[in-house]
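**Student:** Got work22.txt for you, compact mmCIF, C-alpha atoms and all ligand atoms:
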# COMPACT_ATOMS: atom_id res chain seq x y z
CA MET A 5 79.16 88.07 -98.16
CA ASN A 6 79.75 85.69 -101.03
CA THR A 7 80.79 82.11 -100.67
CA ILE A 8 84.01 81.54 -102.59
CA LEU A 9 84.83 77.97 -101.64
CA ASN A 10 82.50 74.98 -101.30
CA ILE A 11 83.75 71.71 -99.95
CA GLU A 12 81.26 68.97 -100.50
CA LYS A 13 81.54 65.64 -98.74
CA ILE A 14 85.20 65.02 -99.38
CA SER A 15 86.68 61.76 -98.27
CA LEU A 16 90.17 60.45 -98.74
CA SER A 17 91.93 57.13 -98.37
CA TYR A 18 95.67 56.60 -98.76
CA HIS A 19 96.76 53.27 -100.17
CA THR A 20 99.94 52.08 -98.56
CA LYS A 21 101.84 48.79 -98.41
CA GLN A 22 100.31 48.21 -95.00
CA GLY A 23 96.84 48.67 -96.45
CA GLU A 24 94.29 51.41 -96.76
CA ILE A 25 94.35 54.39 -94.39
CA GLN A 26 91.11 56.33 -94.32
CA ALA A 27 92.06 59.92 -93.56
CA LEU A 28 88.91 61.96 -94.27
CA ASN A 29 85.30 60.96 -93.96
CA SER A 30 82.79 63.22 -95.68
CA ILE A 31 84.05 66.71 -94.81
CA SER A 32 81.81 69.59 -95.92
CA PHE A 33 82.11 73.31 -95.29
CA ASP A 34 81.89 76.62 -97.13
CA VAL A 35 84.17 79.63 -96.89
CA LEU A 36 83.02 83.22 -97.38
CA ASP A 37 84.96 85.91 -99.18
CA GLY A 38 87.36 87.60 -96.75
CA GLU A 39 86.83 85.05 -94.01
CA PHE A 40 89.59 83.70 -91.79
CA ILE A 41 89.01 80.02 -91.04
CA ALA A 42 91.09 77.94 -88.65
CA ILE A 43 91.12 74.15 -88.68
CA ILE A 44 92.16 72.32 -85.53
CA GLY A 45 92.17 68.64 -84.72
CA PRO A 46 94.24 65.84 -83.24
CA SER A 47 97.67 65.15 -84.66
CA GLY A 48 97.52 63.06 -87.83
CA CYS A 49 93.76 63.49 -88.29
CA GLY A 50 93.99 64.77 -91.86
CA LYS A 51 94.38 68.57 -91.66
CA THR A 52 97.18 68.81 -94.20
CA SER A 53 95.28 66.42 -96.46
CA ILE A 54 92.32 68.82 -96.54
CA LEU A 55 94.54 71.72 -97.61
CA SER A 56 96.28 69.59 -100.24
CA ILE A 57 92.90 68.63 -101.72
CA ILE A 58 91.73 72.27 -101.80
CA ALA A 59 95.05 73.20 -103.45
CA GLY A 60 94.36 70.61 -106.15
CA LEU A 61 97.51 68.65 -105.29
CA ILE A 62 95.72 65.45 -104.35
CA LYS A 63 92.41 64.10 -105.57
CA PRO A 64 89.82 63.19 -102.97
CA SER A 65 88.52 59.60 -103.08
CA GLY A 66 85.03 61.09 -102.97
CA GLY A 67 83.38 64.50 -102.96
CA LYS A 68 84.10 67.77 -104.70
CA VAL A 69 85.69 71.17 -104.13
CA PHE A 70 84.49 74.31 -105.90
CA LEU A 71 86.31 77.64 -106.02
CA PHE A 72 84.18 80.48 -107.38
CA GLY A 73 81.76 77.79 -108.51
CA ASN A 74 84.32 75.89 -110.58
CA GLN A 75 85.38 72.43 -109.59
CA ILE A 76 89.03 72.21 -108.59
CA SER A 77 90.97 69.36 -110.13
CA ARG A 78 94.47 70.78 -110.34
CA PRO A 79 96.50 73.63 -108.81
CA THR A 80 95.29 77.11 -109.74
CA GLU A 81 96.85 80.56 -109.45
CA SER A 82 93.89 81.69 -107.35
CA ILE A 83 95.13 79.60 -104.43
CA GLY A 84 98.36 80.22 -102.52
CA TYR A 85 99.61 77.34 -100.39
CA MET A 86 102.12 77.83 -97.61
CA LEU A 87 103.23 74.32 -96.78
CA GLN A 88 103.67 72.94 -93.28
CA LYS A 89 107.40 72.63 -93.86
CA ASP A 90 107.62 75.78 -95.87
CA GLN A 91 111.28 76.46 -96.34
CA LEU A 92 112.82 79.26 -98.24
CA PHE A 93 115.60 77.95 -100.45
CA PRO A 94 118.85 78.80 -98.61
CA TRP A 95 120.81 79.35 -101.82
CA ARG A 96 118.39 81.94 -103.15
CA THR A 97 118.18 85.55 -101.97
CA ILE A 98 114.95 86.75 -100.34
CA GLU A 99 113.95 88.46 -103.57
CA LYS A 100 114.68 85.37 -105.65
CA ASN A 101 112.74 83.23 -103.20
CA ALA A 102 109.79 85.60 -103.39
CA LEU A 103 109.87 85.55 -107.20
CA LEU A 104 110.02 81.74 -107.40
CA PRO A 105 106.28 81.11 -107.94
CA LEU A 106 106.34 83.50 -110.89
CA GLU A 107 109.35 81.69 -112.34
CA LEU A 108 107.67 78.33 -111.94
CA LYS A 109 104.60 79.58 -113.75
CA GLY A 110 106.66 81.23 -116.49
CA LEU A 111 105.48 84.65 -115.33
CA SER A 112 108.79 86.12 -114.19
CA ARG A 113 108.72 88.57 -117.11
CA ASP A 114 105.25 89.75 -116.19
CA GLY A 115 106.05 93.33 -115.15
CA GLU A 116 102.91 93.80 -113.13
CA LYS A 117 103.39 90.61 -111.12
CA ARG A 118 107.07 91.47 -110.46
CA LYS A 119 106.04 94.92 -109.33
CA ASN A 120 103.56 93.37 -106.96
CA VAL A 121 106.34 91.33 -105.34
CA GLU A 122 108.58 94.42 -105.06
CA HIS A 123 105.71 96.34 -103.58
CA LEU A 124 105.06 93.63 -100.98
CA LEU A 125 108.75 93.43 -100.05
CA LYS A 126 108.82 97.19 -99.55
CA LYS A 127 105.54 97.40 -97.72
CA TYR A 128 106.42 94.65 -95.30
CA GLY A 129 109.95 95.70 -94.43
CA LEU A 130 112.01 93.29 -96.49
CA TRP A 131 113.19 95.50 -99.33
CA GLU A 132 116.50 96.31 -97.64
CA PHE A 133 117.03 92.59 -97.16
CA ARG A 134 116.11 91.53 -100.66
CA LYS A 135 119.71 90.58 -101.49
CA SER A 136 120.17 88.73 -98.20
CA TYR A 137 119.92 84.98 -97.84
CA PRO A 138 117.32 83.36 -95.58
CA ASN A 139 119.88 82.40 -92.90
CA GLN A 140 120.78 86.10 -92.51
CA LEU A 141 117.22 86.94 -91.42
CA SER A 142 115.32 86.40 -88.19
CA GLY A 143 112.66 83.68 -88.00
CA GLY A 144 109.91 86.29 -88.17
CA MET A 145 111.36 87.93 -91.26
CA ARG A 146 111.73 84.57 -92.98
CA GLN A 147 108.08 83.87 -92.26
CA ARG A 148 107.08 87.20 -93.77
CA ALA A 149 109.22 86.39 -96.82
CA ALA A 150 107.51 83.01 -97.14
CA LEU A 151 104.12 84.69 -96.99
CA ILE A 152 105.12 87.23 -99.63
CA ARG A 153 106.26 84.35 -101.82
CA THR A 154 102.82 82.80 -101.36
CA LEU A 155 101.22 86.12 -102.32
CA ALA A 156 103.42 86.55 -105.43
CA SER A 157 100.94 85.18 -107.92
CA SER A 158 98.12 87.24 -106.37
CA PRO A 159 96.02 84.36 -105.05
CA LYS A 160 92.57 85.06 -103.66
CA LEU A 161 92.61 82.23 -101.16
CA LEU A 162 95.53 81.42 -98.86
CA LEU A 163 96.10 78.01 -97.34
CA LEU A 164 98.43 78.16 -94.34
CA ASP A 165 99.65 74.92 -92.81
CA GLU A 166 101.06 75.57 -89.31
CA PRO A 167 102.92 78.65 -90.54
CA PHE A 168 104.18 79.63 -87.10
CA SER A 169 105.14 76.26 -85.64
CA ALA A 170 108.90 76.70 -86.08
CA LEU A 171 109.01 80.01 -84.18
CA ASP A 172 109.65 80.57 -80.49
CA TYR A 173 106.68 81.78 -78.46
CA GLN A 174 107.49 85.52 -78.37
CA THR A 175 108.28 85.70 -82.06
CA ARG A 176 105.24 83.63 -82.80
CA LEU A 177 102.89 86.14 -81.19
CA SER A 178 104.26 89.11 -83.09
CA VAL A 179 104.64 87.28 -86.42
CA CYS A 180 101.07 86.10 -86.00
CA ASP A 181 99.94 89.75 -85.76
CA ASP A 182 102.09 90.69 -88.75
CA VAL A 183 100.82 87.92 -90.94
CA TYR A 184 97.21 88.59 -89.94
CA ASP A 185 97.69 92.25 -90.78
CA ILE A 186 99.12 91.43 -94.21
CA ILE A 187 96.29 89.01 -94.99
CA LYS A 188 93.64 91.55 -93.99
CA ARG A 189 95.28 94.48 -95.77
CA GLU A 190 95.67 92.45 -98.94
CA LYS A 191 92.00 91.40 -98.56
CA LYS A 192 92.67 87.70 -98.75
CA THR A 193 90.57 84.81 -97.58
CA ALA A 194 92.54 82.37 -95.44
CA ILE A 195 92.36 78.83 -94.14
CA LEU A 196 94.83 78.19 -91.36
CA VAL A 197 95.69 74.78 -89.97
CA THR A 198 97.16 74.86 -86.49
CA HIS A 199 97.82 72.72 -83.43
CA ASP A 200 97.60 75.79 -81.28
CA ILE A 201 94.11 76.43 -79.92
CA SER A 202 94.90 79.97 -78.77
CA GLU A 203 96.32 80.88 -82.17
CA ALA A 204 93.10 79.66 -83.78
CA ILE A 205 90.94 81.72 -81.38
CA ALA A 206 93.11 84.83 -81.79
CA LEU A 207 92.96 84.74 -85.60
CA ALA A 208 89.81 83.08 -86.80
CA ASP A 209 86.28 84.16 -87.64
CA ARG A 210 85.30 80.50 -87.52
CA ILE A 211 87.06 77.43 -86.14
CA ILE A 212 86.46 74.00 -87.60
CA VAL A 213 87.18 71.22 -85.11
CA LEU A 214 87.97 67.80 -86.57
CA THR A 215 87.65 64.42 -84.92
CA LYS A 216 90.49 61.96 -84.87
CA ARG A 217 91.15 59.93 -88.01
CA PRO A 218 89.22 59.19 -90.18
CA SER A 219 88.24 62.73 -89.49
CA LYS A 220 84.80 64.22 -89.66
CA ILE A 221 83.78 67.69 -88.62
CA LEU A 222 83.07 67.65 -84.91
CA ASN A 223 81.99 71.28 -84.67
CA ILE A 224 82.15 74.64 -86.40
CA HIS A 225 82.35 77.59 -84.01
CA TYR A 226 81.78 81.26 -84.79
CA ILE A 227 84.41 83.12 -82.79
CA ASP A 228 82.77 86.29 -81.57
CA THR A 229 85.86 88.09 -80.26
CA ASP A 230 86.39 91.77 -81.03
CA LYS A 231 87.73 91.86 -84.59
CA SER A 232 88.61 95.56 -84.39
CA VAL A 233 91.65 94.80 -82.21
CA SER A 234 94.79 92.85 -83.10
CA PRO A 235 95.01 89.08 -82.56
CA LEU A 236 97.46 89.72 -79.70
CA LYS A 237 94.96 92.03 -77.96
CA ARG A 238 92.14 89.54 -78.47
CA ARG A 239 94.05 87.13 -76.26
CA GLU A 240 93.40 89.44 -73.31
CA SER A 241 89.62 89.42 -73.57
CA LYS A 242 87.54 87.27 -71.23
CA ASP A 243 85.79 85.59 -74.17
CA PHE A 244 89.20 84.33 -75.10
CA SER A 245 89.66 82.17 -72.03
CA SER A 246 86.16 80.73 -72.21
CA TRP A 247 86.72 79.79 -75.85
CA PHE A 248 90.04 78.25 -74.91
CA GLU A 249 88.49 76.07 -72.23
CA ARG A 250 85.69 74.96 -74.46
CA LEU A 251 87.95 73.99 -77.36
CA TRP A 252 90.52 72.42 -75.07
CA ARG A 253 87.81 70.15 -73.65
CA GLU A 254 86.49 69.33 -77.09
CA LEU A 255 89.92 68.35 -78.40
CA ASN A 256 90.94 66.38 -75.33
CA TYR A 257 87.70 64.47 -75.42
CA GLU A 258 88.56 63.62 -79.03
CA LYS A 259 92.07 62.45 -78.17
CA ALA A 260 90.90 60.20 -75.34
N1 LIG B 1 101.21 60.30 -98.69
C1 LIG B 1 100.67 59.56 -97.73
N2 LIG B 1 100.64 58.22 -97.81
C2 LIG B 1 100.07 57.47 -96.84
N3 LIG B 1 99.50 57.97 -95.74
C3 LIG B 1 99.50 59.30 -95.59
C4 LIG B 1 100.08 60.16 -96.58
N4 LIG B 1 99.94 61.44 -96.16
C5 LIG B 1 99.29 61.36 -94.97
N5 LIG B 1 99.03 60.08 -94.63
C6 LIG B 1 98.33 59.63 -93.43
O1 LIG B 1 97.04 60.22 -93.42
C7 LIG B 1 96.69 60.70 -92.13
C8 LIG B 1 96.41 62.19 -92.19
O2 LIG B 1 97.62 62.89 -92.52
P1 LIG B 1 97.73 64.46 -92.54
O3 LIG B 1 99.14 64.79 -92.81
O4 LIG B 1 96.70 65.02 -93.45
O5 LIG B 1 97.33 64.80 -91.03
P2 LIG B 1 97.58 66.13 -90.19
O6 LIG B 1 96.35 66.32 -89.36
O7 LIG B 1 98.03 67.23 -91.05
O8 LIG B 1 98.79 65.65 -89.24
P3 LIG B 1 99.81 66.56 -88.38
O9 LIG B 1 99.02 67.00 -87.19
O10 LIG B 1 100.89 65.60 -88.01
O11 LIG B 1 100.28 67.68 -89.25
C9 LIG B 1 97.87 60.33 -91.23
O12 LIG B 1 97.55 59.15 -90.56
C10 LIG B 1 99.03 60.13 -92.17
O13 LIG B 1 99.91 59.18 -91.68
MG MG B 2 99.73 68.37 -91.06
How does the structure come out when it is put into C-alpha cells?
**Tutor:**
Amino acid sequence: MNTILNIEKISLSYHTKQGEIQALNSISFDVLDGEFIAIIGPSGCGKTSILSIIAGLIKPSGGKVFLFGNQISRPTESIGYMLQKDQLFPWRTIEKNALLPLELKGLSRDGEKRKNVEHLLKKYGLWEFRKSYPNQLSGGMRQRAALIRTLASSPKLLLLDEPFSALDYQTRLSVCDDVYDIIKREKKTAILVTHDISEAIALADRIIVLTKRPSKILNIHYIDTDKSVSPLKRRESKDFSSWFERLWRELNYEKA
C-alpha cells in the first residue's frame, strides 16, 4: 500500500500570556492509503493540535507534513476535518448543512459535487430528512449528517476528533459501526482521535499512543483483530480484551 501522509518531527509550542506551552515534541508517523489510524493519549496532551496541523490550520513550530508528497501549509480540499465540537448549524436544514463546505469553497454550483452530497444523503438514510433541522434528528443521525458534510468536498483523508463523544453509550456503538462502514465504503483514509480505548481498538488498524504533554509517541500498535467483522463484533473477540488491558496500563502509567 502507498503512504499518503508523512508527518516528520512536528513540534508545537503555544505562546500565551502565562508563557510558552510546549504541546508536541517531535511527532513522526506515516499513514498508508486506506488505513484507519487512532490516536489516544492523556487529556490535554496535544491530540487536537496534531489534527489541526495536518489540516493546515495551524503551523507547527518545527517539522513538516506531506500529503501525497506535497508539503501542507494551508487547508486543502483533500482533507476533511470533523472538529471535536462539530456542530451542525441549528438554523440550517440537514441538506444545507451538508452543502456548507461547497458553499464556503464557492463550489455550490458544481453539479457533480452537489450530486455527490445528494447521493450520500440518500445512501446513508438522510434524504427524507434533508429538509429537517438538526434538532429534529436523533444524535446518531446528526453525526451521520456531520460526516456527510465532511465528505462533501470529496476529501481523501478524514480527520475525526472525538466524533462520538457527545453520544450515549448505546447510540455510540451503533453510530461507530455506521461511520466506520461509510468510511470503508467510500474508501477513505482516516485518523481518529479518541479518549475511548475500546473505540480505538474496535476501529483502528494501528493505534498511536501519546505521552502526556509535551507529547511524544509512546508506542504504535498494529491491531490484529479480525477486520472482516464489524467494529461492534470485534469487541467480542478475546484479542480485544487483551488489547484493552495492555493499552489501559500504558495510558494509566502515562497519567501517573
Ligand atoms: N490556542 C491555544 N492557545 C494556547 N494553548 C493551547 C491552545 N490550544 C491548545 N492549547 C494547549 O495545548 C495543549 C494541547 O491541547 P490539545 O487541544 O491539542 O490537546 P488534546 O489532547 O486534544 O486535549 P483534549 O483531550 O482535552 O481534547 C493543552 O495543554 C492546551 O491547553
Ligand atoms: Mg482535543
**Student:** One decimal, in Å: what's the spacing between atom C5 of ligand LIG 1 (chain B) and atom CA of A:Glu166?
**Tutor:**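 Pair atom C5 of ligand LIG 1 (chain B) / atom CA of A:Glu166 returns 15.4 Å.
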**Student:** Name each residue within 8 Å of ligand MG 2 (chain B), counting only C-alpha atoms and all ligand atoms, as a list in words.
**Tutor:**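 So the residues close to ligand MG 2 (chain B) are Ser47, Gly48, Gly50, Lys51, Thr52, Ser53, Gln88, Asp165, Glu166 and Val197 of chain A.
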**Student:** At a cut-off of 10 Å and counting only C-alpha atoms and all ligand atoms, what residues surround ligand LIG 1 (chain B)? Please answer as a count of residues only.
**Tutor:** 42
**Student:** Which of these, A:Leu92, A:Leu125, A:Met5, A:Leu255, has the shortest distance to A:Ile221 once you count all atoms listed in the file?
**Tutor:**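 Looking only at the distances to A:Ile221, the closest residue turns out to be A:Leu255.
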**Student:** May I ask which of the residues A:Ile98, A:Leu111, A:Leu196, A:Ala170 is the closest one to A:Arg210, counting only C-alpha atoms?
**Tutor:**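 With only C-alpha atoms as the atom set, the closest residue is A:Leu196.
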**Student:** List every residue of stretch 83-115 of chain A that has an atom at most 6 Å from any atom of stretch 126-145 of chain A, and for each one report the closest atom pair and its distance in Å to one decimal, counting all atoms listed in the file, with rows sorted by chain and then by increasing residue number, as CSV.
**Tutor:**
residue,atom,partner,partner_atom,distance
A:Pro94,CA,A:Pro138,CA,5.7
A:Thr97,CA,A:Tyr137,CA,4.5
A:Ile98,CA,A:Arg134,CA,4.9
A:Glu99,CA,A:Arg134,CA,4.7
**Student:** Can you work out which one of A:Gly110, A:Lys160, A:Asn120, A:Ile205 has the shortest atom-to-atom distance to A:Ile83, counting only C-alpha atoms?
**Tutor:**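 Once distances to A:Ile83 are computed over only C-alpha atoms, the minimum belongs to A:Lys160.
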**Student:** Excluding same-chain residues fewer than 6 positions from stretch 8-14 of chain A, what lies within 8 Å of it counting all atoms listed in the file, as a list in words?
**Tutor:**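 The residues satisfying every condition are Leu28, Asn29, Ser30, Ile31, Ser32, Phe33, Asp34, Val35, Leu36, Asp37, Pro64, Ser65, Gly66, Gly67, Lys68, Val69, Phe70, Leu71, Phe72 and Gly73 of chain A.
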**Student:** Taking (83.5, 70.9, -86.5) in the coordinates of the supplied file, I want to know which residues reach to within 6 Å of it, counting all atoms listed in the file; could you give the answer as a list in words?
**Tutor:** Ile212, Val213, Leu214, Ile221, Leu222, Asn223 and Ile224 of chain A
**Student:** Find the spatial neighbours of A:Ser157, counting all atoms listed in the file, within a cut-off of 9 Å - ignore same-chain residues fewer than 4 positions away - and output them as a PyMOL selection string.
**Tutor:** chain A and resi 81-84+103+105-106+109+111+117+120-121+153
**Student:** What is the atom CA of A:Trp95 to atom CA of A:Leu108 distance in Å?
**Tutor:**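 Distance reported for this atom pair: 16.6 Å.
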**Student:** Using all atoms listed in the file, which of the listed residues (A:Gln174, A:Asn101, A:Ser232, A:Ser169) sits closest to A:Leu155?
**Tutor:** A:Asn101
**Student:** Which one is closest to A:Lys188: A:Pro167, A:Pro235, A:Gly38, A:Pro159? Count all atoms listed in the file.
**Tutor:**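 Answer, going by the shortest atom-to-atom distance: A:Gly38.
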**Student:** Could you check which of A:Glu116, A:Leu124, A:Ala156, A:Glu240 is closest to A:Arg189, using all atoms listed in the file?
**Tutor:**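 For A:Arg189, the nearest of the candidates is A:Leu124.
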**Student:** Interatomic distance between atom CA of A:Ala150 and atom CA of A:Ala206?
**Tutor:**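 So the answer is 21.1 Å.
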**Student:** With a distance cut-off of 9 Å and all atoms listed in the file, select the neighbouring residues of A:Leu251, excluding the residue or stretch itself and same-chain residues fewer than 5 positions from it, and output the selection as a list of chain:residue names.
**Tutor:**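 After dropping sequence-adjacent residues, the list is A:Ile201, A:Val213, A:Ser246, A:Asn256.
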**Student:** Just write the chosen residues, C-alpha atoms, as an mmCIF file, keeping the file's coordinate frame.
**Tutor:**
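And here is the file that came out, result27.cif:
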data_model
loop_
_atom_site.group_PDB
_atom_site.id
_atom_site.type_symbol
_atom_site.label_atom_id
_atom_site.label_comp_id
_atom_site.auth_asym_id
_atom_site.auth_seq_id
_atom_site.Cartn_x
_atom_site.Cartn_y
_atom_site.Cartn_z
ATOM 1 C CA ILE A 201 94.110 76.430 -79.920
ATOM 2 C CA VAL A 213 87.180 71.220 -85.110
ATOM 3 C CA SER A 246 86.160 80.730 -72.210
ATOM 4 C CA ASN A 256 90.940 66.380 -75.330
#
